[in-house]
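Novice: A single structure is presented below for examination.
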Amino acid sequence: MAAAVAVITQEGCVCGGDVTYDGRSLIIKGERRILFSGSIHYPRSTPEMWGSLIGKAKEGGLDVIQTYVFWNLHEPQPGQYNFSGRYDLVKFIKEIQAQGLYACLRIGPFIESEWTYGGFPFWLHDVPDIVYRSDNEPFKFYMQNFTTKIVNMMKSEGLYASQGGPIILSQIENEYQNIEAAFHEKGPAYVRWAAKMAVELQTGVPWVMCKQTDAPDPVINTCNGMRCGQTFGGPNSPNKPSLWTENWTSFYQVYGGEPYIRSAEDIAFHVALFIARNGSYVNYYMYHGGTNFGRTSSAYVITSYYDQAPLDEYGLLRQPKWGHLKSLHAAIKSCSTTLLQGMPTNFSLGQLQEAYVFREETEGRCVAFLINNDERNNATVQFQNASHELMPKSISILPDCEKVIFNTATVNTNYTKRIIRTTEIFDSMERWQGYTDVIPNYENTSLHSDTLLEHMNVTKDVSDYLWYTLRFQPNISCAEPILVAESKGHATHAFVNNIYIGNAHGSHDTKQFIMQSPVVLSNEINNISLLGVMVGLPDSGAFLERRFSGLTRVEIQCSKNEFYNFTNYAWGYQVGLFGEKLQIYREENIHMVEWSKANTSLNQPLTWYKTFFDAPIGNDPVALNLSSMGKGEAWINGQSIGRYWVSFLTSKREPSQIMYHVPRSFFKTSENLLVLLEEAGGNPLHISLNIISLSTLPKHIHYYHLLQ
């Protein structure tokens, strides 16, 4: 079917099969629509959860489910594709369709999304002469190839609305204008190419570019942010509707960072304001955040993702956020015809008060939004010969210009509190076995270089870990030696002659750090083994392919201003840990190393722990409490539930995350294998298995910082 979206009619309606648009809204099956959408990312949950998540979104008044497409999951090697299990994009879209909702497919294929490497597969890095996200032929070749692959897959399953399917929008690129200027003339040229390439794929539905004011016709430029009713400059053509592709319901959290709490009232205020100012599509990012399983989160981002969304990490209702927004959706939909067909006007009701009114003169219908922008004080305003009391920072919706049916600051939904019930504590030493990983020395390595190599280019993202090893014999007397290691990675562990001497790490906002540890040197040959660690790859910024991580300087300093500089020296490298290479977190491989009774009192670094347990009874969500551990990764029956970094404390001296979601589908009925890789200590005897549920609080309890 030809891509009719490329044709603008004289009436300003861009036609494309069953989905068109004009300057007011998307038009589906010939009708203008105000649409509420929610981001749910299929790999951040499980297929067993998808139906419930989508059903709760529908019950919450959503019309659309929006998702990114994750290139690095689907094409881990060039031409090798994976669409199984949690990566089954077609199954996810069909579940959306089965529940009678629409879909917005954000192909990207750059997505950012706090996803490792912004969703790019790392093999792109090794394509000769490539420059990501620029008018660069090697990059454009692979981007077009993957985009075409996804579009053709959707077409073959009949999933575009033009074929009778649920997909009503697609997105190409992602917030590119943030970095466009860095590419000079190749930036705008790339934007034009990307838009043309996408439109020529002839999906029969519109394409969008978010945060891209120069999006070429017929691609729609959209807004991302928390306050698009205030910040969005509007579509770049009067023939395009005002769409909000990311309304951030919270914000992502990093290790060492606190959760960002955004109230239901604030979200509702800005949604109502956007609709009042002619907006017609609002997507909540995220509606369900989910879990960054395995090694999928980007640099320093915790495993839990947008837990403060209307559906929390476990898929439970986050109240009052979910219920308050449901009421808002119902209020707006009750008068959507007049909003879409009526003539809009805006006028002042006071110094900080205003009204947006939509009138259908022929039908005599009228809708009003009465706004109080004063954040501290109530305001009494006169509107149509009636007095209205407006709460601070609120919008009242009057579907008939007379009676208020919704106020953004009035929450009528009860709050809920998360209940955590412990079902098992792994406190018996007899249940645990341990294995200490091998510390390689220079002679154990096969990759050698006379300089410090860049971490990501060596590991190719097959592991977080890279060993840097050297050997040397002192030729001077070195009193009080101190090992100094400077890094642009995320963490470093140091061993001298197989003895652990310490670690250091950076943070999300500190891109470089220095480790300084006293050491004891032999007069003979000394072996230094430094373990460089990445906690996710970077996910944003221009020239991502040039990014440097890992060690940049290694010295041993002596007390008399003498030192050994090893920056340009004979280094040996090993990618990953020995147990990781053998995949000893899988039951079929645990026999490949010699496990022994775990001795937690030694606080031994680089230790693997394993135990077996039975699944908790019932269907409630399950989480492991890892508050007694340090830093590492955890697996259940061979499936990684993500990285943990409990020892990285916030400014309040608390871990950023201690509860780790274990989807029910990861369990067997009995004899479930739990394996942990602990980098630097931790005590598994205090790990517990927990059931997660909710309790409803009395209506008079209203406070915004309810985290549990």
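Chain labels run A, B, ... following the order of the structure tokens; each chain numbers its residues from 1, and ligands are numbered from 1 in the order shown.
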Within 8 Å of region 281-299 of chain A, which residues of region 513-558 of chain A show up? Give each one with its shortest atom-to-atom distance in Å (one decimal) and the two atoms involved, counting only C-alpha atoms, rows by chain then rising residue number, as CSV.
Specialist:
residue,atom,partner,partner_atom,distance
A:Met534,CA,A:Ala299,CA,7.4
A:Val535,CA,A:Ala299,CA,5.4
A:Gly536,CA,A:Ala299,CA,4.1
A:Leu537,CA,A:Ala299,CA,5.0
A:Pro538,CA,A:Ala299,CA,5.2
A:Asp539,CA,A:Ser298,CA,5.9
Novice: Report as a PDB file with N, CA, C and O atoms, in the first residue's frame all protein, DNA and RNA residues lying within 8 Å of Met429 (chain A), evaluated on only C-alpha atoms, omitting residues in the same chain fewer than 4 positions from it.
Specialist:
ATOM      1  N   LYS A 597      31.827 -25.183  51.025  1.00  0.00           N
ATOM      2  CA  LYS A 597      30.963 -24.543  52.010  1.00  0.00           C
ATOM      3  C   LYS A 597      31.295 -23.058  52.084  1.00  0.00           C
ATOM      4  O   LYS A 597      32.454 -22.676  52.221  1.00  0.00           O
ATOM      5  N   ALA A 598      30.270 -22.232  51.961  1.00  0.00           N
ATOM      6  CA  ALA A 598      30.489 -20.791  51.938  1.00  0.00           C
ATOM      7  C   ALA A 598      30.992 -20.311  53.292  1.00  0.00           C
ATOM      8  O   ALA A 598      30.481 -20.712  54.337  1.00  0.00           O
ATOM      9  N   LEU A 685      23.686 -14.595  54.077  1.00  0.00           N
ATOM     10  CA  LEU A 685      22.873 -15.186  55.141  1.00  0.00           C
ATOM     11  C   LEU A 685      21.686 -14.317  55.539  1.00  0.00           C
ATOM     12  O   LEU A 685      20.807 -14.769  56.274  1.00  0.00           O
TER      13      LEU A 685
END
Novice: Taking 5 positions as the minimum chain separation for residues in the same chain, which residues sit within 6 Å of Thr469 (chain A) when counting only C-alpha atoms? Answer as number ranges by chain.
Specialist: A: 441-442, 528-529, 571-572
Novice: Taking only region 438-575 of chain A into account, list the residues labelled strand (DSSP E) by DSSP (computed from the backbone), as an MDAnalysis selection string.
Specialist: chainID A and resid 447:449 465:472 482:487 491:496 499:505 513:518 526:533 551:557 563:565 571:575
Novice: Between A:Gly118, A:Ile28, A:Ile397, A:Ser84, which has the minimum distance to Pro166 (chain A) (counting only C-alpha atoms)?
Specialist: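 With only C-alpha atoms as the atom set, the closest residue is A:Ile28.
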Novice: Need to verify the contact set: Asp307 (chain A), 10 Å, only C-alpha atoms, exclusion of same-chain residues closer than 3 positions in sequence. Can you return it as number ranges by chain?
Specialist: A: 249-253, 259-261, 286-291, 304, 310-316, 318, 707
Novice: Pull N, CA and C atoms from the residues just selected and write them as a PDB file, in the first residue's frame.
Specialist:
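Produced file part_0.pdb, reproduced below:
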ATOM      1  N   THR A 249       6.385  10.452  34.222  1.00  0.00           N
ATOM      2  CA  THR A 249       5.605  10.249  35.444  1.00  0.00           C
ATOM      3  C   THR A 249       6.488  10.209  36.688  1.00  0.00           C
ATOM      4  N   SER A 250       7.767  10.054  36.487  1.00  0.00           N
ATOM      5  CA  SER A 250       8.762  10.087  37.545  1.00  0.00           C
ATOM      6  C   SER A 250      10.069  10.406  36.836  1.00  0.00           C
ATOM      7  N   PHE A 251      11.130   9.727  37.188  1.00  0.00           N
ATOM      8  CA  PHE A 251      12.393   9.876  36.471  1.00  0.00           C
ATOM      9  C   PHE A 251      13.229   8.653  36.783  1.00  0.00           C
ATOM     10  N   TYR A 252      14.153   8.345  35.886  1.00  0.00           N
ATOM     11  CA  TYR A 252      14.996   7.182  36.149  1.00  0.00           C
ATOM     12  C   TYR A 252      15.887   7.460  37.364  1.00  0.00           C
ATOM     13  N   GLN A 253      16.330   6.389  38.015  1.00  0.00           N
ATOM     14  CA  GLN A 253      17.131   6.510  39.229  1.00  0.00           C
ATOM     15  C   GLN A 253      18.490   5.872  39.002  1.00  0.00           C
ATOM     16  N   PRO A 259      14.970   8.305  44.705  1.00  0.00           N
ATOM     17  CA  PRO A 259      13.859   8.237  43.744  1.00  0.00           C
ATOM     18  C   PRO A 259      13.233   9.614  43.551  1.00  0.00           C
ATOM     19  N   TYR A 260      12.786   9.874  42.328  1.00  0.00           N
ATOM     20  CA  TYR A 260      12.118  11.141  42.024  1.00  0.00           C
ATOM     21  C   TYR A 260      10.615  10.923  42.158  1.00  0.00           C
ATOM     22  N   ILE A 261       9.990  11.695  43.041  1.00  0.00           N
ATOM     23  CA  ILE A 261       8.563  11.537  43.294  1.00  0.00           C
ATOM     24  C   ILE A 261       7.816  12.665  42.604  1.00  0.00           C
ATOM     25  N   MET A 286       7.086   6.661  32.271  1.00  0.00           N
ATOM     26  CA  MET A 286       6.522   5.379  31.870  1.00  0.00           C
ATOM     27  C   MET A 286       5.143   5.211  32.519  1.00  0.00           C
ATOM     28  N   TYR A 287       4.319   4.350  31.911  1.00  0.00           N
ATOM     29  CA  TYR A 287       3.094   3.925  32.581  1.00  0.00           C
ATOM     30  C   TYR A 287       3.393   2.693  33.424  1.00  0.00           C
ATOM     31  N   HIS A 288       4.272   1.845  32.903  1.00  0.00           N
ATOM     32  CA  HIS A 288       4.867   0.756  33.691  1.00  0.00           C
ATOM     33  C   HIS A 288       6.340   0.708  33.317  1.00  0.00           C
ATOM     34  N   GLY A 289       7.207   0.953  34.308  1.00  0.00           N
ATOM     35  CA  GLY A 289       8.641   0.971  34.017  1.00  0.00           C
ATOM     36  C   GLY A 289       9.231  -0.420  33.925  1.00  0.00           C
ATOM     37  N   GLY A 290       8.998  -1.215  34.959  1.00  0.00           N
ATOM     38  CA  GLY A 290       9.465  -2.593  34.926  1.00  0.00           C
ATOM     39  C   GLY A 290      10.872  -2.752  35.465  1.00  0.00           C
ATOM     40  N   THR A 291      11.606  -3.701  34.876  1.00  0.00           N
ATOM     41  CA  THR A 291      12.891  -4.141  35.415  1.00  0.00           C
ATOM     42  C   THR A 291      13.936  -4.193  34.311  1.00  0.00           C
ATOM     43  N   SER A 304      15.715  -1.459  38.929  1.00  0.00           N
ATOM     44  CA  SER A 304      14.305  -1.065  38.907  1.00  0.00           C
ATOM     45  C   SER A 304      14.143   0.177  38.036  1.00  0.00           C
ATOM     46  N   PRO A 310       2.429   4.914  37.210  1.00  0.00           N
ATOM     47  CA  PRO A 310       1.078   4.500  37.615  1.00  0.00           C
ATOM     48  C   PRO A 310       0.953   3.000  37.890  1.00  0.00           C
ATOM     49  N   LEU A 311       1.702   2.181  37.165  1.00  0.00           N
ATOM     50  CA  LEU A 311       1.860   0.764  37.515  1.00  0.00           C
ATOM     51  C   LEU A 311       3.295   0.594  37.992  1.00  0.00           C
ATOM     52  N   ASP A 312       3.483   0.097  39.213  1.00  0.00           N
ATOM     53  CA  ASP A 312       4.832   0.025  39.759  1.00  0.00           C
ATOM     54  C   ASP A 312       5.636  -1.089  39.093  1.00  0.00           C
ATOM     55  N   GLU A 313       6.868  -1.277  39.548  1.00  0.00           N
ATOM     56  CA  GLU A 313       7.746  -2.254  38.912  1.00  0.00           C
ATOM     57  C   GLU A 313       7.113  -3.630  38.817  1.00  0.00           C
ATOM     58  N   TYR A 314       6.291  -3.986  39.811  1.00  0.00           N
ATOM     59  CA  TYR A 314       5.688  -5.322  39.863  1.00  0.00           C
ATOM     60  C   TYR A 314       4.372  -5.401  39.096  1.00  0.00           C
ATOM     61  N   GLY A 315       3.927  -4.268  38.554  1.00  0.00           N
ATOM     62  CA  GLY A 315       2.659  -4.238  37.837  1.00  0.00           C
ATOM     63  C   GLY A 315       1.468  -3.947  38.726  1.00  0.00           C
ATOM     64  N   LEU A 316       1.709  -3.539  39.983  1.00  0.00           N
ATOM     65  CA  LEU A 316       0.628  -3.188  40.897  1.00  0.00           C
ATOM     66  C   LEU A 316       0.262  -1.712  40.736  1.00  0.00           C
ATOM     67  N   ARG A 318      -0.144   1.971  41.367  1.00  0.00           N
ATOM     68  CA  ARG A 318       0.474   2.995  42.199  1.00  0.00           C
ATOM     69  C   ARG A 318      -0.571   4.064  42.454  1.00  0.00           C
ATOM     70  N   LEU A 707       6.741   5.694  49.619  1.00  0.00           N
ATOM     71  CA  LEU A 707       7.582   4.881  48.749  1.00  0.00           C
ATOM     72  C   LEU A 707       7.297   3.397  48.880  1.00  0.00           C
TER      73      LEU A 707
END
Novice: Find the residue from A:Glu59, A:Asn278, A:Asp450, A:Trp50 that sits nearest to Pro238 (chain A); use only C-alpha atoms when measuring.
Specialist: A:Asn278
Novice: Report, in Å with one decimal, the straight-line distance from CA of Ser463 (chain A) to CA of Glu580 (chain A).
Specialist: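 We find that CA of Ser463 (chain A) and CA of Glu580 (chain A) lie 8.3 Å from each other.
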Novice: DSSP on the backbone: which residues in region 85-270 of chain A end up as alpha helix (DSSP H)? Give the answer as an mmCIF file with N, CA, C and O atoms, in the first residue's frame.
Specialist:
data_model
loop_
_atom_site.group_PDB
_atom_site.id
_atom_site.type_symbol
_atom_site.label_atom_id
_atom_site.label_comp_id
_atom_site.auth_asym_id
_atom_site.auth_seq_id
_atom_site.Cartn_x
_atom_site.Cartn_y
_atom_site.Cartn_z
ATOM 1 N N LEU A 89 8.326 -9.140 19.987
ATOM 2 C CA LEU A 89 7.641 -7.884 19.694
ATOM 3 C C LEU A 89 6.276 -8.121 19.060
ATOM 4 O O LEU A 89 5.286 -7.451 19.418
ATOM 5 N N VAL A 90 6.180 -9.047 18.135
ATOM 6 C CA VAL A 90 4.899 -9.319 17.470
ATOM 7 C C VAL A 90 3.858 -9.783 18.479
ATOM 8 O O VAL A 90 2.708 -9.324 18.461
ATOM 9 N N LYS A 91 4.254 -10.668 19.364
ATOM 10 C CA LYS A 91 3.317 -11.157 20.386
ATOM 11 C C LYS A 91 2.834 -10.014 21.262
ATOM 12 O O LYS A 91 1.648 -9.941 21.623
ATOM 13 N N PHE A 92 3.733 -9.102 21.605
ATOM 14 C CA PHE A 92 3.367 -7.958 22.439
ATOM 15 C C PHE A 92 2.365 -7.061 21.720
ATOM 16 O O PHE A 92 1.348 -6.662 22.296
ATOM 17 N N ILE A 93 2.622 -6.755 20.454
ATOM 18 C CA ILE A 93 1.702 -5.902 19.689
ATOM 19 C C ILE A 93 0.349 -6.600 19.527
ATOM 20 O O ILE A 93 -0.720 -5.956 19.614
ATOM 21 N N LYS A 94 0.359 -7.898 19.313
ATOM 22 C CA LYS A 94 -0.904 -8.627 19.170
ATOM 23 C C LYS A 94 -1.684 -8.666 20.482
ATOM 24 O O LYS A 94 -2.920 -8.684 20.456
ATOM 25 N N GLU A 95 -0.988 -8.664 21.616
ATOM 26 C CA GLU A 95 -1.684 -8.597 22.906
ATOM 27 C C GLU A 95 -2.354 -7.237 23.070
ATOM 28 O O GLU A 95 -3.472 -7.139 23.586
ATOM 29 N N ILE A 96 -1.685 -6.187 22.618
ATOM 30 C CA ILE A 96 -2.296 -4.851 22.625
ATOM 31 C C ILE A 96 -3.567 -4.863 21.778
ATOM 32 O O ILE A 96 -4.622 -4.364 22.183
ATOM 33 N N GLN A 97 -3.465 -5.437 20.598
ATOM 34 C CA GLN A 97 -4.613 -5.511 19.687
ATOM 35 C C GLN A 97 -5.743 -6.334 20.286
ATOM 36 O O GLN A 97 -6.927 -5.950 20.195
ATOM 37 N N ALA A 98 -5.398 -7.441 20.940
ATOM 38 C CA ALA A 98 -6.421 -8.319 21.499
ATOM 39 C C ALA A 98 -7.242 -7.616 22.575
ATOM 40 O O ALA A 98 -8.412 -7.961 22.795
ATOM 41 N N GLU A 137 27.352 7.095 5.575
ATOM 42 C CA GLU A 137 26.834 5.972 4.791
ATOM 43 C C GLU A 137 26.850 4.645 5.541
ATOM 44 O O GLU A 137 25.857 3.907 5.507
ATOM 45 N N PRO A 138 27.945 4.260 6.229
ATOM 46 C CA PRO A 138 27.900 2.985 6.964
ATOM 47 C C PRO A 138 26.785 2.950 8.009
ATOM 48 O O PRO A 138 26.070 1.947 8.125
ATOM 49 N N PHE A 139 26.620 4.051 8.766
ATOM 50 C CA PHE A 139 25.568 4.045 9.779
ATOM 51 C C PHE A 139 24.191 3.995 9.133
ATOM 52 O O PHE A 139 23.319 3.240 9.569
ATOM 53 N N LYS A 140 23.981 4.790 8.102
ATOM 54 C CA LYS A 140 22.669 4.827 7.459
ATOM 55 C C LYS A 140 22.316 3.461 6.876
ATOM 56 O O LYS A 140 21.142 3.062 6.885
ATOM 57 N N PHE A 141 23.299 2.743 6.387
ATOM 58 C CA PHE A 141 23.042 1.416 5.821
ATOM 59 C C PHE A 141 22.441 0.491 6.886
ATOM 60 O O PHE A 141 21.407 -0.163 6.652
ATOM 61 N N TYR A 142 23.082 0.420 8.047
ATOM 62 C CA TYR A 142 22.608 -0.500 9.083
ATOM 63 C C TYR A 142 21.332 -0.003 9.740
ATOM 64 O O TYR A 142 20.456 -0.797 10.100
ATOM 65 N N MET A 143 21.197 1.313 9.891
ATOM 66 C CA MET A 143 19.958 1.852 10.460
ATOM 67 C C MET A 143 18.774 1.557 9.549
ATOM 68 O O MET A 143 17.713 1.123 10.003
ATOM 69 N N GLN A 144 18.951 1.779 8.265
ATOM 70 C CA GLN A 144 17.865 1.510 7.325
ATOM 71 C C GLN A 144 17.553 0.023 7.274
ATOM 72 O O GLN A 144 16.373 -0.368 7.198
ATOM 73 N N ASN A 145 18.577 -0.798 7.342
ATOM 74 C CA ASN A 145 18.369 -2.240 7.287
ATOM 75 C C ASN A 145 17.513 -2.718 8.457
ATOM 76 O O ASN A 145 16.556 -3.490 8.268
ATOM 77 N N PHE A 146 17.829 -2.241 9.675
ATOM 78 C CA PHE A 146 17.060 -2.687 10.841
ATOM 79 C C PHE A 146 15.656 -2.091 10.833
ATOM 80 O O PHE A 146 14.675 -2.786 11.130
ATOM 81 N N THR A 147 15.539 -0.814 10.509
ATOM 82 C CA THR A 147 14.219 -0.184 10.458
ATOM 83 C C THR A 147 13.317 -0.910 9.464
ATOM 84 O O THR A 147 12.143 -1.180 9.739
ATOM 85 N N THR A 148 13.872 -1.228 8.311
ATOM 86 C CA THR A 148 13.114 -1.943 7.284
ATOM 87 C C THR A 148 12.714 -3.330 7.777
ATOM 88 O O THR A 148 11.588 -3.799 7.526
ATOM 89 N N LYS A 149 13.628 -3.994 8.486
ATOM 90 C CA LYS A 149 13.336 -5.313 9.040
ATOM 91 C C LYS A 149 12.111 -5.255 9.951
ATOM 92 O O LYS A 149 11.194 -6.090 9.844
ATOM 93 N N ILE A 150 12.068 -4.263 10.842
ATOM 94 C CA ILE A 150 10.947 -4.141 11.786
ATOM 95 C C ILE A 150 9.654 -3.797 11.054
ATOM 96 O O ILE A 150 8.590 -4.390 11.312
ATOM 97 N N VAL A 151 9.721 -2.832 10.142
ATOM 98 C CA VAL A 151 8.513 -2.445 9.403
ATOM 99 C C VAL A 151 7.960 -3.622 8.615
ATOM 100 O O VAL A 151 6.742 -3.887 8.626
ATOM 101 N N ASN A 152 8.826 -4.350 7.942
ATOM 102 C CA ASN A 152 8.361 -5.496 7.152
ATOM 103 C C ASN A 152 7.783 -6.600 8.041
ATOM 104 O O ASN A 152 6.834 -7.295 7.651
ATOM 105 N N MET A 153 8.348 -6.761 9.229
ATOM 106 C CA MET A 153 7.809 -7.747 10.165
ATOM 107 C C MET A 153 6.396 -7.361 10.585
ATOM 108 O O MET A 153 5.488 -8.202 10.639
ATOM 109 N N MET A 154 6.201 -6.071 10.886
ATOM 110 C CA MET A 154 4.866 -5.605 11.269
ATOM 111 C C MET A 154 3.886 -5.752 10.102
ATOM 112 O O MET A 154 2.743 -6.171 10.280
ATOM 113 N N LYS A 155 4.335 -5.421 8.903
ATOM 114 C CA LYS A 155 3.478 -5.550 7.717
ATOM 115 C C LYS A 155 3.080 -7.001 7.484
ATOM 116 O O LYS A 155 1.917 -7.304 7.164
ATOM 117 N N SER A 156 4.067 -7.904 7.643
ATOM 118 C CA SER A 156 3.786 -9.317 7.349
ATOM 119 C C SER A 156 2.746 -9.893 8.294
ATOM 120 O O SER A 156 2.066 -10.861 7.962
ATOM 121 N N LYS A 186 26.036 17.888 8.573
ATOM 122 C CA LYS A 186 25.619 16.492 8.460
ATOM 123 C C LYS A 186 24.443 16.154 9.384
ATOM 124 O O LYS A 186 23.815 15.121 9.232
ATOM 125 N N GLY A 187 24.155 17.023 10.355
ATOM 126 C CA GLY A 187 23.015 16.812 11.236
ATOM 127 C C GLY A 187 21.690 17.007 10.527
ATOM 128 O O GLY A 187 20.876 16.079 10.431
ATOM 129 N N PRO A 188 21.420 18.215 9.997
ATOM 130 C CA PRO A 188 20.165 18.421 9.255
ATOM 131 C C PRO A 188 20.017 17.486 8.065
ATOM 132 O O PRO A 188 18.906 17.039 7.750
ATOM 133 N N ALA A 189 21.125 17.180 7.402
ATOM 134 C CA ALA A 189 21.052 16.255 6.262
ATOM 135 C C ALA A 189 20.595 14.872 6.724
ATOM 136 O O ALA A 189 19.811 14.197 6.041
ATOM 137 N N TYR A 190 21.082 14.449 7.893
ATOM 138 C CA TYR A 190 20.676 13.158 8.445
ATOM 139 C C TYR A 190 19.195 13.154 8.808
ATOM 140 O O TYR A 190 18.478 12.175 8.563
ATOM 141 N N VAL A 191 18.708 14.254 9.383
ATOM 142 C CA VAL A 191 17.285 14.350 9.734
ATOM 143 C C VAL A 191 16.428 14.193 8.478
ATOM 144 O O VAL A 191 15.432 13.452 8.471
ATOM 145 N N ARG A 192 16.807 14.887 7.429
ATOM 146 C CA ARG A 192 16.035 14.795 6.171
ATOM 147 C C ARG A 192 16.076 13.385 5.618
ATOM 148 O O ARG A 192 15.053 12.844 5.160
ATOM 149 N N TRP A 193 17.249 12.765 5.674
ATOM 150 C CA TRP A 193 17.367 11.391 5.164
ATOM 151 C C TRP A 193 16.512 10.435 5.985
ATOM 152 O O TRP A 193 15.796 9.586 5.434
ATOM 153 N N ALA A 194 16.593 10.532 7.326
ATOM 154 C CA ALA A 194 15.859 9.608 8.195
ATOM 155 C C ALA A 194 14.358 9.718 7.961
ATOM 156 O O ALA A 194 13.649 8.704 7.892
ATOM 157 N N ALA A 195 13.862 10.949 7.838
ATOM 158 C CA ALA A 195 12.427 11.145 7.599
ATOM 159 C C ALA A 195 12.016 10.559 6.256
ATOM 160 O O ALA A 195 10.993 9.862 6.154
ATOM 161 N N LYS A 196 12.802 10.836 5.225
ATOM 162 C CA LYS A 196 12.492 10.338 3.875
ATOM 163 C C LYS A 196 12.541 8.812 3.845
ATOM 164 O O LYS A 196 11.649 8.151 3.286
ATOM 165 N N MET A 197 13.561 8.239 4.478
ATOM 166 C CA MET A 197 13.689 6.781 4.524
ATOM 167 C C MET A 197 12.479 6.154 5.196
ATOM 168 O O MET A 197 11.912 5.163 4.714
ATOM 169 N N ALA A 198 12.053 6.730 6.315
ATOM 170 C CA ALA A 198 10.918 6.178 7.060
ATOM 171 C C ALA A 198 9.630 6.258 6.248
ATOM 172 O O ALA A 198 8.891 5.269 6.113
ATOM 173 N N VAL A 199 9.352 7.430 5.702
ATOM 174 C CA VAL A 199 8.103 7.625 4.944
ATOM 175 C C VAL A 199 8.050 6.691 3.736
ATOM 176 O O VAL A 199 6.990 6.142 3.404
ATOM 177 N N CYS A 228 4.872 19.901 28.963
ATOM 178 C CA CYS A 228 4.785 20.268 27.547
ATOM 179 C C CYS A 228 3.682 21.290 27.266
ATOM 180 O O CYS A 228 3.727 21.971 26.246
ATOM 181 N N GLY A 229 2.701 21.409 28.160
ATOM 182 C CA GLY A 229 1.702 22.459 28.004
ATOM 183 C C GLY A 229 2.306 23.846 28.123
ATOM 184 O O GLY A 229 1.757 24.823 27.612
ATOM 185 N N GLN A 230 3.459 23.932 28.779
ATOM 186 C CA GLN A 230 4.151 25.204 28.944
ATOM 187 C C GLN A 230 5.354 25.348 28.027
ATOM 188 O O GLN A 230 5.672 26.451 27.588
ATOM 189 N N THR A 231 6.037 24.236 27.754
ATOM 190 C CA THR A 231 7.336 24.324 27.082
ATOM 191 C C THR A 231 7.284 24.063 25.582
ATOM 192 O O THR A 231 8.210 24.459 24.868
ATOM 193 N N ALA A 264 0.554 12.874 41.665
ATOM 194 C CA ALA A 264 -0.569 12.695 40.742
ATOM 195 C C ALA A 264 -1.163 14.041 40.363
ATOM 196 O O ALA A 264 -1.568 14.257 39.213
ATOM 197 N N GLU A 265 -1.202 14.977 41.323
ATOM 198 C CA GLU A 265 -1.772 16.296 41.057
ATOM 199 C C GLU A 265 -0.965 17.058 40.022
ATOM 200 O O GLU A 265 -1.531 17.721 39.135
ATOM 201 N N ASP A 266 0.372 16.972 40.112
ATOM 202 C CA ASP A 266 1.216 17.696 39.161
ATOM 203 C C ASP A 266 1.081 17.125 37.754
ATOM 204 O O ASP A 266 0.992 17.869 36.770
ATOM 205 N N ILE A 267 1.065 15.798 37.660
ATOM 206 C CA ILE A 267 0.895 15.181 36.340
ATOM 207 C C ILE A 267 -0.446 15.590 35.741
ATOM 208 O O ILE A 267 -0.524 15.998 34.572
ATOM 209 N N ALA A 268 -1.500 15.500 36.532
ATOM 210 C CA ALA A 268 -2.842 15.834 36.040
ATOM 211 C C ALA A 268 -2.922 17.291 35.592
ATOM 212 O O ALA A 268 -3.543 17.608 34.569
ATOM 213 N N PHE A 269 -2.316 18.187 36.350
ATOM 214 C CA PHE A 269 -2.333 19.617 35.986
ATOM 215 C C PHE A 269 -1.754 19.820 34.598
ATOM 216 O O PHE A 269 -2.341 20.509 33.745
ATOM 217 N N HIS A 270 -0.602 19.209 34.337
ATOM 218 C CA HIS A 270 0.076 19.474 33.062
ATOM 219 C C HIS A 270 -0.579 18.740 31.895
ATOM 220 O O HIS A 270 -0.529 19.217 30.755
#
Novice: Which polymer residues have any atom within 7 Å of an atom of region 617-628 of chain A, counting only C-alpha atoms, with same-chain residues fewer than 6 positions away left out, as a PyMOL selection string?
Specialist: chain A and resi 314+646+658-664+682-684+686-693
Novice: Would you mind telling me which residue in A:Gly119, A:Leu53, A:Gln308, A:Ser237 lies nearest to Tyr21 (chain A) when using only C-alpha atoms?
Specialist: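 Residue with the minimum atom-to-atom distance to Tyr21 (chain A): A:Ser237.
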Novice: A:Ala181, A:Val205, A:Ala330, A:Ile482: which is nearest Asn561 (chain A), counting only C-alpha atoms?
Specialist: A:Ile482
Novice: Between A:Val64, A:Ile556, A:Ile425, A:Met592, which residue has the minimum interatomic distance to Gln473 (chain A), considering only C-alpha atoms?
Specialist: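 Using only C-alpha atoms, Gln473 (chain A) sits closest to A:Ile556.
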Novice: With distances taken over only C-alpha atoms, which of A:Tyr465, A:Trp244, A:Phe183, A:Trp207 is nearest to Gly108 (chain A)?
Specialist: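 Closest residue, counting only C-alpha atoms: A:Trp207.
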Novice: Give me the residues near Thr650 (chain A) as a list in words, where near means some atom within 9 Å (using only C-alpha atoms) and where sequence neighbours in that chain fewer than 5 positions away do not count.
Specialist: Tyr255, Gly256, Gly257, Glu258, Pro655 and Ser656 of chain A
Novice: Excluding Phe36 (chain A) and residues on its chain fewer than 2 positions from it, collect all residues at most 12 Å away from it, counting only C-alpha atoms, and give them as number ranges by chain.
Specialist: A: 26, 33-34, 38-39, 57-66, 101-104, 243-247, 271-272, 274-275, 279-285, 287, 325-326, 328-330, 332-333, 336
